[in-house]
Amino acid sequence: MTDQLPVDEQAVLPIDASDQVGPGAADRPVDAAKAHRRSLNEWLSDRTVPQALMVLAVVLYTAYFTQRSLDIHHGLGTASYDSALYDQGMWLLSRGQAPFVTLMGRNMFGDHTSFILLFLVPLYWIAPGAWIMFFAQSAAIGAGAIPIFLYGRRRLGSEWMAFVGGLVYLVHPAVGWTNLENFHPDAFLGVLVGCAIYGALERKWRVYGVFVVLSLMVKEDVSLVIVPLGIWVALRRDRRIGLITILGSIGFMFTAMYVVMRGLIGVPTRNAWRLPFSQDGDSTFRGAARLVETAVTNPTELADHLRAENRPWYIWQMTTPFALLFLRLPSVALISGLVLFTNILSTFWYQFQVEYHYSLIAVPALAMGTIHAIGTIRDQRDLLAMHDADADADERPAKQLFVPTRLMAMGVLAVTAALTSMMWAPVPWSRTQLYYGNPDNVYATTMREIISDIPDDAAVAAHYRVTPHLAYRTDIYQFPNPFRVDLYGADAAIAGTRLADRADRIEFVVLPTSEDENLADDWALVSSAFDEVDRNDIWILYERDRSVALPGNPVIPG
């Protein structure tokens, strides 16, 4: 008796002359095209409603937040920090120049080793514009729902439940707020860290390796989540791969800080002051030593620090959108533990506020950890059997009352996520006062009128709300730079001095008409060397008068 192939295996192209060498071989391209169309049709027919809805949710999220971000940008809601500086850096790279960002006085990769931005540079060859940053940011954050869906459909045994898991991620407060906080490369961590965790959970080691490397390319401190991921992999999946991850990510962090950053700006980090109990002038290691010393000799002082300024409330806001369900099996969620701890340890207020980009990196592990934990809950339980668990088998009632426990857990998760998004997230149904941005407000329209006469290659110093709209040039400064150094460079010793060569190159200055005392004092020092060439109710454009020397500050070479 001949073995029969399964129906699926019989459904192949019939063998005819086109499959043989010789006559008919010329028809092979036609049959190949038919096979391709058939395989595409089969793939499309295999798609499910939850899959389509998950893709639609990501597309809608991307479109909504891209438009909101662009409206805010064109309505003068962005600034030099942290929008214009990345825009200028990527534009310079696209023109074959070193990314020395004059808005902050540092090489872009010396400020942070955000090599992931290199993937956006080709778009500046085609159609340079702020849309590149804000679309990429929204798409990367929104795509973070995809690895949650992919893992959830297997772990939970239901694509509908996996779809809910993806939505819970999308409405988390830290996700939406990161999307609206200017532009930050950290946005890419939404999808990259999520895919790395997915690869680890599913033992897809090529996926894991690719996304671990891509995650490390986002920033020098991403090791704060990749090292814990490596520890989890070593303990739960593969010891060798886990150890490679740990050692590789630590090695990358030190190379990024002590080779790349120190080589470009002279210091490995500018953030040592964020360590509690550090003192002015402390190196990172000295600041860390003071922290350890305090933790050992006076632990109550450290405990008081961790309770101060509503830090516990920050942890509550980060975790309650997941209904704390990850606590049932917390190992995966704990991958985010180190980064959450360093956020509340920091003296930098923004790091422990859910509205700022420092929080996004923790969300993928919390979301994946919640799905991982819910997967341990049975699909259903017999309440009567649970009630009479101690009775003899013959005495147990024949009746059964099954409860869909896993579905109930997902329901609790969905309701909790909806409520917390309403309270804390920048979503349309939120009770939080939202800023949408109006590109046609009077401040924006009058600004565009003023800057329209500035040549594309002119050196400009401007108000911090104007610089994002003048970023595509070699010399653009946030006033009072370069006339008086402020928030510029890596050397605090030059603050208050003048960058003589750079100041002398400035051709135009754009300032508001309002009497801002912080700007007025600085402008008074150099105004005699500039002529007013245009004005409206809100903005003034000045042009350099080369017949008058720049007066004012002590100078250093530019």
# chains A, B, ... in the order shown; residues from 1 in each chain; ligands from 1

$ closest_atom_pairs --of "stretch 448-494 of chain A" --to "stretch 532-548 of chain A" --cutoff "10 Å" --atoms "only C-alpha atoms" --output "Markdown table"
| residue | atom | partner | partner_atom | distance |
| --- | --- | --- | --- | --- |
| A:Arg448 | CA | A:Trp539 | CA | 9.8 |
| A:Glu449 | CA | A:Asn536 | CA | 8.8 |
| A:Ile450 | CA | A:Leu541 | CA | 6.5 |
| A:Ile451 | CA | A:Leu541 | CA | 7.6 |
| A:Asp453 | CA | A:Asp534 | CA | 9.2 |
| A:Ile454 | CA | A:Leu541 | CA | 9.0 |
| A:Val460 | CA | A:Glu543 | CA | 9.4 |
| A:Ala461 | CA | A:Tyr542 | CA | 9.9 |
| A:Ala462 | CA | A:Leu541 | CA | 9.3 |
| A:His463 | CA | A:Trp539 | CA | 9.7 |

$ closest_atom_pairs --of "stretch 250-279 of chain A" --to "stretch 113-118 of chain A" --cutoff "8 Å" --atoms "only C-alpha atoms" --output "Markdown table"
| residue | atom | partner | partner_atom | distance |
| --- | --- | --- | --- | --- |
| A:Ala256 | CA | A:Thr113 | CA | 6.4 |
| A:Val260 | CA | A:Thr113 | CA | 7.6 |
| A:Met261 | CA | A:Thr113 | CA | 7.2 |

$ atom_distance --atom1 "atom CA of A:Gln279" --atom2 "atom CA of A:Val267"
16.9 Å

$ select_by_dssp --residues "stretch 135-327 of chain A" --states "alpha helix (DSSP H)" --output "number ranges by chain"
A: 135-142, 145-155, 159-170, 173-180, 189-201, 205-216, 223-236, 239-255, 262-265, 284-297, 299-307, 311-319

$ residues_around --residues "A:Pro482" --least-positions-apart "6" --cutoff "8 Å" --atoms "only C-alpha atoms" --output "number ranges by chain"
A: 461, 498-500, 502-503

$ write_last_selection --atoms "N, CA and C atoms" --output "compact mmCIF listing (two decimals), in the first residue's frame"
# COMPACT_ATOMS: atom_id res chain seq x y z
N ALA A 461 22.12 83.12 15.30
CA ALA A 461 21.84 82.88 16.72
C ALA A 461 20.38 83.25 16.92
N ARG A 498 33.03 84.24 25.85
CA ARG A 498 32.59 84.36 24.46
C ARG A 498 33.46 83.49 23.57
N LEU A 499 32.83 82.82 22.62
CA LEU A 499 33.55 82.08 21.59
C LEU A 499 33.83 83.06 20.45
N ALA A 500 35.00 83.67 20.48
CA ALA A 500 35.26 84.85 19.64
C ALA A 500 35.08 84.57 18.16
N ARG A 502 33.51 82.16 16.59
CA ARG A 502 32.14 81.79 16.24
C ARG A 502 31.21 82.99 16.35
N ALA A 503 31.41 83.81 17.37
CA ALA A 503 30.58 84.99 17.53
C ALA A 503 30.76 85.95 16.36

$ atom_distance --atom1 "atom CA of A:Asp475" --atom2 "atom CA of A:Asp221"
29.5 Å

$ atom_distance --atom1 "atom CA of A:Ala367" --atom2 "atom CA of A:Val175"
11.5 Å

$ residues_around --residues "A:Ala98" --least-positions-apart "6" --cutoff "9 Å" --atoms "only C-alpha atoms" --output "ChimeraX atom specification"
/A:89,92,107-108

$ residues_around --residues "A:Leu53" --least-positions-apart "3" --cutoff "12 Å" --atoms "only C-alpha atoms" --output "list of chain:residue names"
A:Arg47, A:Thr48, A:Val49, A:Pro50, A:Leu56, A:Ala57, A:Val58, A:Val59, A:Leu60, A:Tyr61, A:Ala145, A:Ile146, A:Phe149, A:Glu159, A:Trp160, A:Ala162, A:Phe163, A:Val164, A:Gly166, A:Leu167

$ write_last_selection --atoms "C-alpha atoms" --output "PDB file, in the first residue's frame"
ATOM      1  CA  ARG A  47      -4.114  36.458   8.218  1.00  0.00           C
ATOM      2  CA  THR A  48      -6.567  36.740  11.088  1.00  0.00           C
ATOM      3  CA  VAL A  49      -8.782  39.522  12.403  1.00  0.00           C
ATOM      4  CA  PRO A  50      -6.647  40.091  15.547  1.00  0.00           C
ATOM      5  CA  LEU A  56      -4.189  48.801  12.303  1.00  0.00           C
ATOM      6  CA  ALA A  57      -3.659  49.896  15.925  1.00  0.00           C
ATOM      7  CA  VAL A  58       0.060  50.436  15.312  1.00  0.00           C
ATOM      8  CA  VAL A  59      -0.645  52.368  12.091  1.00  0.00           C
ATOM      9  CA  LEU A  60      -3.250  54.558  13.794  1.00  0.00           C
ATOM     10  CA  TYR A  61      -0.954  55.166  16.757  1.00  0.00           C
ATOM     11  CA  ALA A 145       3.293  46.483  20.451  1.00  0.00           C
ATOM     12  CA  ILE A 146       4.254  43.903  17.814  1.00  0.00           C
ATOM     13  CA  PHE A 149       1.463  40.480  20.317  1.00  0.00           C
ATOM     14  CA  GLU A 159      -4.561  36.190  19.401  1.00  0.00           C
ATOM     15  CA  TRP A 160      -7.407  38.253  20.850  1.00  0.00           C
ATOM     16  CA  ALA A 162      -2.422  39.056  22.589  1.00  0.00           C
ATOM     17  CA  PHE A 163      -4.117  41.992  20.845  1.00  0.00           C
ATOM     18  CA  VAL A 164      -5.259  43.320  24.212  1.00  0.00           C
ATOM     19  CA  GLY A 166      -0.434  45.108  22.571  1.00  0.00           C
ATOM     20  CA  LEU A 167      -3.050  47.779  23.260  1.00  0.00           C
TER      21      LEU A 167
END

$ closest_residue --among "A:Met104, A:Ile141, A:Ala35, A:Val121" --to "A:Val485" --atoms "only C-alpha atoms"
A:Met104

$ closest_residue --among "A:Val427, A:Ile374, A:Ile250, A:Ile148" --to "A:Met408" --atoms "only C-alpha atoms"
A:Ile374
